[in-house]
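Q: Data file data.json (JSON, C-alpha atoms) is appended below.
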[["chain", "number", "residue", "atom", "x", "y", "z"],
["A", 1, "MET", "CA", 173.81, 178.42, 87.42],
["A", 2, "LYS", "CA", 171.28, 179.14, 84.68],
["A", 3, "PRO", "CA", 167.63, 178.44, 85.52],
["A", 4, "ARG", "CA", 166.17, 175.43, 83.71],
["A", 5, "ARG", "CA", 164.14, 176.41, 80.69],
["A", 6, "LYS", "CA", 160.54, 175.32, 80.76],
["A", 7, "PRO", "CA", 160.18, 172.27, 78.48],
["A", 8, "THR", "CA", 158.38, 172.99, 75.25],
["A", 9, "ALA", "CA", 155.90, 170.37, 74.13],
["A", 10, "LEU", "CA", 156.49, 168.76, 70.77],
["A", 11, "ARG", "CA", 153.93, 169.40, 68.07],
["A", 12, "LYS", "CA", 152.01, 166.31, 67.11],
["A", 13, "PRO", "CA", 152.73, 165.17, 63.57],
["A", 14, "THR", "CA", 149.88, 166.01, 61.20],
["A", 15, "HIS", "CA", 151.37, 165.80, 57.69],
["A", 16, "PHE", "CA", 151.55, 162.40, 56.01],
["A", 17, "PRO", "CA", 152.15, 161.87, 52.27],
["A", 18, "GLU", "CA", 149.41, 159.72, 50.72],
["A", 19, "GLU", "CA", 151.87, 156.92, 49.95],
["A", 20, "ASN", "CA", 152.85, 156.82, 53.64],
["A", 21, "VAL", "CA", 149.42, 155.85, 54.96],
["A", 22, "ALA", "CA", 149.64, 152.21, 56.07],
["A", 23, "GLU", "CA", 146.34, 150.47, 56.84],
["A", 24, "ARG", "CA", 145.90, 147.07, 58.44],
["A", 25, "TRP", "CA", 149.61, 146.24, 58.46],
["A", 26, "ASP", "CA", 151.09, 143.54, 60.63],
["A", 27, "ALA", "CA", 154.66, 142.62, 61.56],
["A", 28, "ARG", "CA", 155.38, 141.16, 58.11],
["A", 29, "HIS", "CA", 155.05, 144.60, 56.50],
["A", 30, "LEU", "CA", 157.94, 145.90, 58.63],
["A", 31, "LEU", "CA", 160.46, 143.53, 57.06],
["A", 32, "GLY", "CA", 163.03, 145.26, 54.90],
["A", 33, "HIS", "CA", 162.36, 148.67, 56.48],
["A", 34, "THR", "CA", 164.65, 150.46, 58.92],
["A", 35, "GLU", "CA", 163.19, 154.00, 58.91],
["A", 36, "PHE", "CA", 159.68, 155.45, 58.76],
["A", 37, "ASP", "CA", 159.35, 159.21, 58.24],
["A", 38, "GLU", "CA", 155.93, 160.91, 58.29],
["A", 39, "PHE", "CA", 154.02, 157.62, 58.28],
["A", 40, "ARG", "CA", 150.44, 157.19, 59.46],
["A", 41, "PHE", "CA", 149.58, 153.69, 60.65],
["A", 42, "VAL", "CA", 145.84, 152.92, 60.86],
["A", 43, "ASN", "CA", 144.19, 149.79, 62.31],
["A", 44, "CYS", "CA", 147.46, 147.87, 62.33],
["A", 45, "ASP", "CA", 148.13, 144.80, 64.45],
["A", 46, "PHE", "CA", 151.73, 144.94, 65.62],
["A", 47, "SER", "CA", 151.16, 142.94, 68.81],
["A", 48, "GLY", "CA", 154.37, 141.10, 69.66],
["A", 49, "ALA", "CA", 156.16, 142.65, 66.67],
["A", 50, "ASP", "CA", 159.90, 143.31, 66.77],
["A", 51, "PHE", "CA", 160.50, 147.07, 66.40],
["A", 52, "SER", "CA", 164.12, 146.71, 67.54],
["A", 53, "ARG", "CA", 166.46, 149.27, 65.95],
["A", 54, "LEU", "CA", 163.70, 150.74, 63.74],
["A", 55, "ARG", "CA", 163.37, 154.53, 63.57],
["A", 56, "PHE", "CA", 160.01, 156.33, 63.50],
["A", 57, "THR", "CA", 160.05, 160.10, 62.96],
["A", 58, "ASP", "CA", 156.94, 162.35, 62.89],
["A", 59, "CYS", "CA", 154.64, 159.30, 62.74],
["A", 60, "LEU", "CA", 151.10, 158.63, 63.95],
["A", 61, "PHE", "CA", 149.66, 155.31, 65.10],
["A", 62, "GLU", "CA", 145.82, 155.27, 65.15],
["A", 63, "HIS", "CA", 143.68, 152.38, 66.42],
["A", 64, "CYS", "CA", 146.72, 150.09, 66.46],
["A", 65, "ASN", "CA", 147.66, 147.20, 68.73],
["A", 66, "LEU", "CA", 151.33, 147.26, 69.78],
["A", 67, "SER", "CA", 150.95, 145.26, 72.98],
["A", 68, "SER", "CA", 154.12, 143.33, 73.86],
["A", 69, "ALA", "CA", 156.01, 144.76, 70.88],
["A", 70, "LYS", "CA", 159.80, 144.74, 71.33],
["A", 71, "LEU", "CA", 161.32, 148.24, 71.48],
["A", 72, "ALA", "CA", 165.04, 147.50, 72.01],
["A", 73, "GLY", "CA", 166.94, 150.39, 70.47],
["A", 74, "THR", "CA", 163.82, 151.70, 68.74],
["A", 75, "ALA", "CA", 163.87, 155.42, 67.92],
["A", 76, "LEU", "CA", 160.56, 157.18, 68.60],
["A", 77, "GLN", "CA", 161.13, 160.76, 67.49],
["A", 78, "ASN", "CA", 157.96, 162.83, 67.78],
["A", 79, "VAL", "CA", 155.57, 159.90, 67.49],
["A", 80, "ALA", "CA", 151.88, 160.13, 68.40],
["A", 81, "PHE", "CA", 149.62, 157.28, 69.49],
["A", 82, "ALA", "CA", 145.84, 157.66, 69.36],
["A", 83, "ASP", "CA", 143.39, 155.03, 70.63],
["A", 84, "CYS", "CA", 146.10, 152.35, 70.68],
["A", 85, "LYS", "CA", 146.70, 149.26, 72.82],
["A", 86, "LEU", "CA", 150.18, 149.63, 74.30],
["A", 87, "LEU", "CA", 149.90, 147.23, 77.22],
["A", 88, "GLY", "CA", 153.20, 146.44, 78.93],
["A", 89, "LEU", "CA", 155.38, 148.28, 76.42],
["A", 90, "GLN", "CA", 158.96, 148.87, 77.59],
["A", 91, "PHE", "CA", 159.53, 152.43, 76.40],
["A", 92, "THR", "CA", 162.55, 152.40, 78.69],
["A", 93, "ALA", "CA", 164.32, 150.24, 76.04],
["A", 94, "CYS", "CA", 163.95, 152.91, 73.33],
["A", 95, "ARG", "CA", 166.85, 154.95, 72.01],
["A", 96, "ASP", "CA", 167.43, 158.15, 73.98],
["A", 97, "MET", "CA", 168.19, 160.52, 71.12],
["A", 98, "LEU", "CA", 165.25, 162.85, 70.32],
["A", 99, "PHE", "CA", 162.79, 160.57, 72.15],
["A", 100, "GLY", "CA", 159.36, 162.24, 72.01],
["A", 101, "VAL", "CA", 155.86, 160.76, 72.25],
["A", 102, "HIS", "CA", 152.20, 161.81, 72.59],
["A", 103, "PHE", "CA", 149.36, 159.63, 73.90],
["A", 104, "ASP", "CA", 145.62, 160.12, 73.40],
["A", 105, "GLN", "CA", 143.10, 157.56, 74.68],
["A", 106, "CYS", "CA", 145.73, 154.79, 74.79],
["A", 107, "GLN", "CA", 145.79, 151.70, 76.99],
["A", 108, "LEU", "CA", 149.14, 151.96, 78.77],
["A", 109, "ARG", "CA", 148.69, 149.62, 81.73],
["A", 110, "TYR", "CA", 151.98, 148.07, 82.91],
["A", 111, "ALA", "CA", 154.01, 150.21, 80.46],
["A", 112, "SER", "CA", 157.50, 151.24, 81.59],
["A", 113, "PHE", "CA", 158.95, 154.71, 81.14],
["A", 114, "ALA", "CA", 161.63, 154.16, 83.78],
["A", 115, "GLY", "CA", 164.59, 156.46, 83.29],
["A", 116, "ARG", "CA", 163.09, 158.21, 80.25],
["A", 117, "VAL", "CA", 163.68, 161.92, 79.71],
["A", 118, "MET", "CA", 160.34, 163.15, 78.38],
["A", 119, "PRO", "CA", 159.50, 166.62, 79.71],
["A", 120, "GLY", "CA", 156.25, 168.17, 78.48],
["A", 121, "THR", "CA", 154.75, 164.82, 77.42],
["A", 122, "ARG", "CA", 150.95, 164.75, 77.25],
["A", 123, "PHE", "CA", 148.93, 161.74, 78.36],
["A", 124, "VAL", "CA", 145.24, 162.33, 77.56],
["A", 125, "GLY", "CA", 142.51, 159.92, 78.66],
["A", 126, "CYS", "CA", 144.92, 157.02, 79.22],
["A", 127, "PRO", "CA", 144.60, 154.12, 81.65],
["A", 128, "LEU", "CA", 148.11, 154.04, 83.19],
["A", 129, "GLU", "CA", 147.56, 151.63, 86.06],
["A", 130, "GLU", "CA", 150.79, 149.99, 87.28],
["A", 131, "ALA", "CA", 152.90, 152.01, 84.82],
["A", 132, "ASP", "CA", 156.52, 152.59, 85.85],
["A", 133, "PHE", "CA", 157.83, 156.18, 85.87],
["A", 134, "ALA", "CA", 160.78, 155.60, 88.23],
["A", 135, "ASP", "CA", 163.79, 157.86, 87.58],
["A", 136, "ALA", "CA", 162.00, 159.54, 84.64],
["A", 137, "ASP", "CA", 161.96, 163.26, 83.86],
["A", 138, "LEU", "CA", 158.32, 164.24, 83.41],
["A", 139, "SER", "CA", 158.72, 167.93, 84.14],
["A", 140, "ALA", "CA", 155.66, 169.87, 82.90],
["A", 141, "ALA", "CA", 154.02, 166.63, 81.73],
["A", 142, "VAL", "CA", 150.22, 166.56, 81.58],
["A", 143, "PHE", "CA", 148.15, 163.62, 82.87],
["A", 144, "GLN", "CA", 144.73, 164.71, 81.64],
["A", 145, "ASP", "CA", 141.89, 162.38, 82.69],
["A", 146, "CYS", "CA", 144.35, 159.54, 83.32],
["A", 147, "ALA", "CA", 143.93, 156.65, 85.76],
["A", 148, "LEU", "CA", 147.18, 156.14, 87.69],
["A", 149, "ALA", "CA", 146.35, 153.55, 90.36],
["A", 150, "GLY", "CA", 149.47, 151.58, 91.22],
["A", 151, "ALA", "CA", 151.71, 153.71, 88.97],
["A", 152, "VAL", "CA", 155.29, 153.92, 90.26],
["A", 153, "PHE", "CA", 156.74, 157.37, 90.92],
["A", 154, "GLN", "CA", 160.17, 157.02, 92.53],
["A", 155, "ASN", "CA", 162.93, 159.59, 92.08],
["A", 156, "THR", "CA", 160.78, 161.07, 89.30],
["A", 157, "ARG", "CA", 161.05, 164.70, 88.19],
["A", 158, "LEU", "CA", 157.47, 166.03, 88.22],
["A", 159, "ALA", "CA", 158.14, 169.77, 88.52],
["A", 160, "GLU", "CA", 155.19, 171.70, 87.05],
["A", 161, "ALA", "CA", 153.45, 168.47, 85.99],
["A", 162, "ASP", "CA", 149.65, 168.63, 85.79],
["A", 163, "PHE", "CA", 147.68, 166.06, 87.79],
["A", 164, "ARG", "CA", 144.48, 168.10, 88.19],
["A", 165, "SER", "CA", 142.21, 165.65, 86.35],
["A", 166, "ALA", "CA", 144.22, 162.48, 87.06],
["A", 167, "THR", "CA", 142.98, 159.87, 89.53],
["A", 168, "GLY", "CA", 144.38, 157.10, 91.72],
["A", 169, "PHE", "CA", 147.98, 158.30, 91.97],
["A", 170, "VAL", "CA", 150.18, 158.11, 95.06],
["A", 171, "ILE", "CA", 153.28, 160.32, 94.93],
["A", 172, "ASP", "CA", 155.75, 160.60, 97.80],
["A", 173, "PRO", "CA", 156.93, 164.24, 97.97],
["A", 174, "GLU", "CA", 160.09, 163.14, 99.75],
["A", 175, "SER", "CA", 161.30, 160.88, 96.94],
["A", 176, "ASN", "CA", 160.07, 162.84, 93.91],
["A", 177, "VAL", "CA", 160.54, 166.41, 92.67],
["A", 178, "ILE", "CA", 157.06, 167.99, 92.62],
["A", 179, "THR", "CA", 157.93, 171.70, 92.77],
["A", 180, "GLY", "CA", 155.22, 173.69, 91.02],
["A", 181, "ALA", "CA", 153.15, 170.61, 90.16],
["A", 182, "HIS", "CA", 149.39, 171.12, 89.82],
["A", 183, "PHE", "CA", 146.92, 169.17, 91.96],
["A", 184, "THR", "CA", 143.30, 169.55, 93.02],
["A", 185, "LEU", "CA", 142.55, 169.55, 96.74],
["A", 186, "HIS", "CA", 141.21, 166.00, 96.43],
["A", 187, "GLY", "CA", 144.28, 164.94, 94.45],
["A", 188, "LEU", "CA", 146.57, 166.16, 97.22],
["A", 189, "LEU", "CA", 145.41, 163.14, 99.25],
["A", 190, "GLY", "CA", 147.57, 161.04, 96.92],
["A", 191, "VAL", "CA", 150.58, 163.22, 97.78],
["A", 192, "VAL", "CA", 150.21, 163.01, 101.56],
["A", 193, "ALA", "CA", 148.96, 159.40, 101.69],
["A", 194, "LYS", "CA", 152.12, 158.16, 103.46],
["A", 195, "TYR", "CA", 151.42, 160.41, 106.45],
["A", 196, "ASN", "CA", 148.10, 158.72, 107.29],
["A", 197, "LEU", "CA", 146.45, 162.09, 107.78],
["A", 198, "VAL", "CA", 142.72, 162.37, 108.45],
["A", 199, "VAL", "CA", 141.30, 165.02, 106.10],
["A", 200, "GLU", "CA", 137.72, 166.00, 106.88]]
Written as C-alpha cells, that's how I'd like the structure from this file.
A:
Amino acid sequence: MKPRRKPTALRKPTHFPEENVAERWDARHLLGHTEFDEFRFVNCDFSGADFSRLRFTDCLFEHCNLSSAKLAGTALQNVAFADCKLLGLQFTACRDMLFGVHFDQCQLRYASFAGRVMPGTRFVGCPLEEADFADADLSAAVFQDCALAGAVFQNTRLAEADFRSATGFVIDPESNVITGAHFTLHGLLGVVAKYNLVVE
C-alpha cells in the first residue's frame, strides 16, 4: 500500500478582476447567477440567502454576513472567508467536488463540517464553539488561535493537525485519528480528559 501523501494546502485566491468586486450585495443580487469565478465580495449581507446549487471558484468573502445561508449543493472551490459571520452554516451540505475553504477571523459557532473531506484547511482566529467535525477528514489542518469549546470530534481524521494555539477542545484519542497531531503540554489535557487524570 502506498503511503498517504501529505495534503497540500490550497492557495488563497488573490486575483479579482475589477468588474468582479461586489460591494454591499444582498440575496437579490444573486438572482440570475449560477457561477462566480474570481469574485471578491465585500461588506455583503447574505444572511439567510439561498446559495443552493451555486458555484463559487477562487472567490473571497470579506466582512460579509452569511449566517443561516442555505448551502444545499453549493460548490465552494478554493473560497476564502475573512472576518465573516458564518454562524450555524451547514458546510456538510456543500458539493463534494473540489471543496476547499480558508477561514480568517470568522465566527463559525455551531457550523457543521460533518463528513467533509478538507485536509490542510486553515482556521485562523476563529470562534468554533459547538462546531461539528464528526466523520470529517482534517488531516494536517491548522487551528491557529481558535476557540473550540464544545466542538464535536468523533471519528475525525486529525493526523498531523495543529492544535498548538487552539483552546477549549476535547478530543478522544480512541475515537479519532490523531497520529502526528501537534499539541502543547497544556493542550494535551483536552486529549486525556476522559481518563480523569490529575496532572500537577
Q: Just give me the gap between CA of Val79 (chain A) and CA of Val177 (chain A) in Å, one decimal is fine.
A: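 CA of Val177 (chain A) lies 26.5 Å from CA of Val79 (chain A).
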Q: Which residue, A:Met97, A:Leu86, A:Ala114, A:Ala22, has the smallest gap to Leu128 (chain A) when you use only C-alpha atoms?
A: A:Leu86
Q: Provide the CA of Phe81 (chain A) to CA of Val101 (chain A) distance in Å, to one decimal place.
A: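 According to the coordinates, CA of Phe81 (chain A) and CA of Val101 (chain A) are separated by 7.7 Å.
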Q: Give as a ChimeraX atom specification every residue, naming chains and numbers as the document does, that has an atom within 8 Å of (151.5, 150.9, 58.1), counting all atoms listed in the file.
A: /A:20-26,29,39-42,44
Q: Mind giving me the straight-line distance from CA of Ile178 (chain A) to CA of Val191 (chain A) in Å, one decimal?
A: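 Separation of CA of Ile178 (chain A) and CA of Val191 (chain A): 9.6 Å.
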Q: Counting only C-alpha atoms, find the residues whose atoms lie at most 8 Å from (162.1, 161.3, 89.6) (file coordinates) and write them out as a CSV table (one decimal) with C-alpha atoms, keeping the file's coordinate frame.
A:
chain,number,residue,atom,x,y,z
A,133,PHE,CA,157.8,156.2,85.9
A,134,ALA,CA,160.8,155.6,88.2
A,135,ASP,CA,163.8,157.9,87.6
A,136,ALA,CA,162.0,159.5,84.6
A,137,ASP,CA,162.0,163.3,83.9
A,138,LEU,CA,158.3,164.2,83.4
A,153,PHE,CA,156.7,157.4,90.9
A,154,GLN,CA,160.2,157.0,92.5
A,155,ASN,CA,162.9,159.6,92.1
A,156,THR,CA,160.8,161.1,89.3
A,157,ARG,CA,161.0,164.7,88.2
A,158,LEU,CA,157.5,166.0,88.2
A,175,SER,CA,161.3,160.9,96.9
A,176,ASN,CA,160.1,162.8,93.9
A,177,VAL,CA,160.5,166.4,92.7
Q: Residues near Gly88 (chain A), anyone? I mean within 9 Å using all atoms listed in the file, not counting same-chain ones fewer than 2 positions away, as a list of chain:residue names.
A: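 The contact residues come out as A:Ser67, A:Ser68, A:Ala69, A:Leu86, A:Gln90, A:Leu108, A:Arg109, A:Tyr110, A:Ala111, A:Ser112, A:Ala131.
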Q: Go ahead and write the selection's residues with C-alpha atoms as a PDB file, in the coordinates of the input.
A:
ATOM      1  CA  SER A  67     150.950 145.260  72.980  1.00  0.00           C
ATOM      2  CA  SER A  68     154.120 143.330  73.860  1.00  0.00           C
ATOM      3  CA  ALA A  69     156.010 144.760  70.880  1.00  0.00           C
ATOM      4  CA  LEU A  86     150.180 149.630  74.300  1.00  0.00           C
ATOM      5  CA  GLN A  90     158.960 148.870  77.590  1.00  0.00           C
ATOM      6  CA  LEU A 108     149.140 151.960  78.770  1.00  0.00           C
ATOM      7  CA  ARG A 109     148.690 149.620  81.730  1.00  0.00           C
ATOM      8  CA  TYR A 110     151.980 148.070  82.910  1.00  0.00           C
ATOM      9  CA  ALA A 111     154.010 150.210  80.460  1.00  0.00           C
ATOM     10  CA  SER A 112     157.500 151.240  81.590  1.00  0.00           C
ATOM     11  CA  ALA A 131     152.900 152.010  84.820  1.00  0.00           C
TER      12      ALA A 131
END
Q: Using only C-alpha atoms, which residue out of A:Ala75, A:Ala80, A:Ala161, A:Cys126 lies closest to Ala149 (chain A)?
A: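 Using only C-alpha atoms, Ala149 (chain A) sits closest to A:Cys126.
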Q: Counting all atoms listed in the file, what is within 12 Å of Leu185 (chain A), bar same-chain residues fewer than 3 positions away, as a PyMOL selection string?
A: chain A and resi 163-165+182+188-192+199-200
Q: Which one of A:Leu66, A:Ala72, A:Val142, A:Ala166 sits closest to His102 (chain A) if you count only C-alpha atoms?
A: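 Among the listed residues, A:Val142 lies closest to His102 (chain A).
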Q: Considering all atoms listed in the file, state which residue in the set A:Arg28, A:Lys85, A:Arg11, A:Arg53 is at the smallest distance from Gly120 (chain A).
A: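 Residue with the minimum atom-to-atom distance to Gly120 (chain A): A:Arg11.
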Q: Could you check the closest approach to Gln107 (chain A) for each of A:Val170, A:Leu76, A:Cys146, A:Ala140 and tell me which residue wins, using only C-alpha atoms?
A: A:Cys146
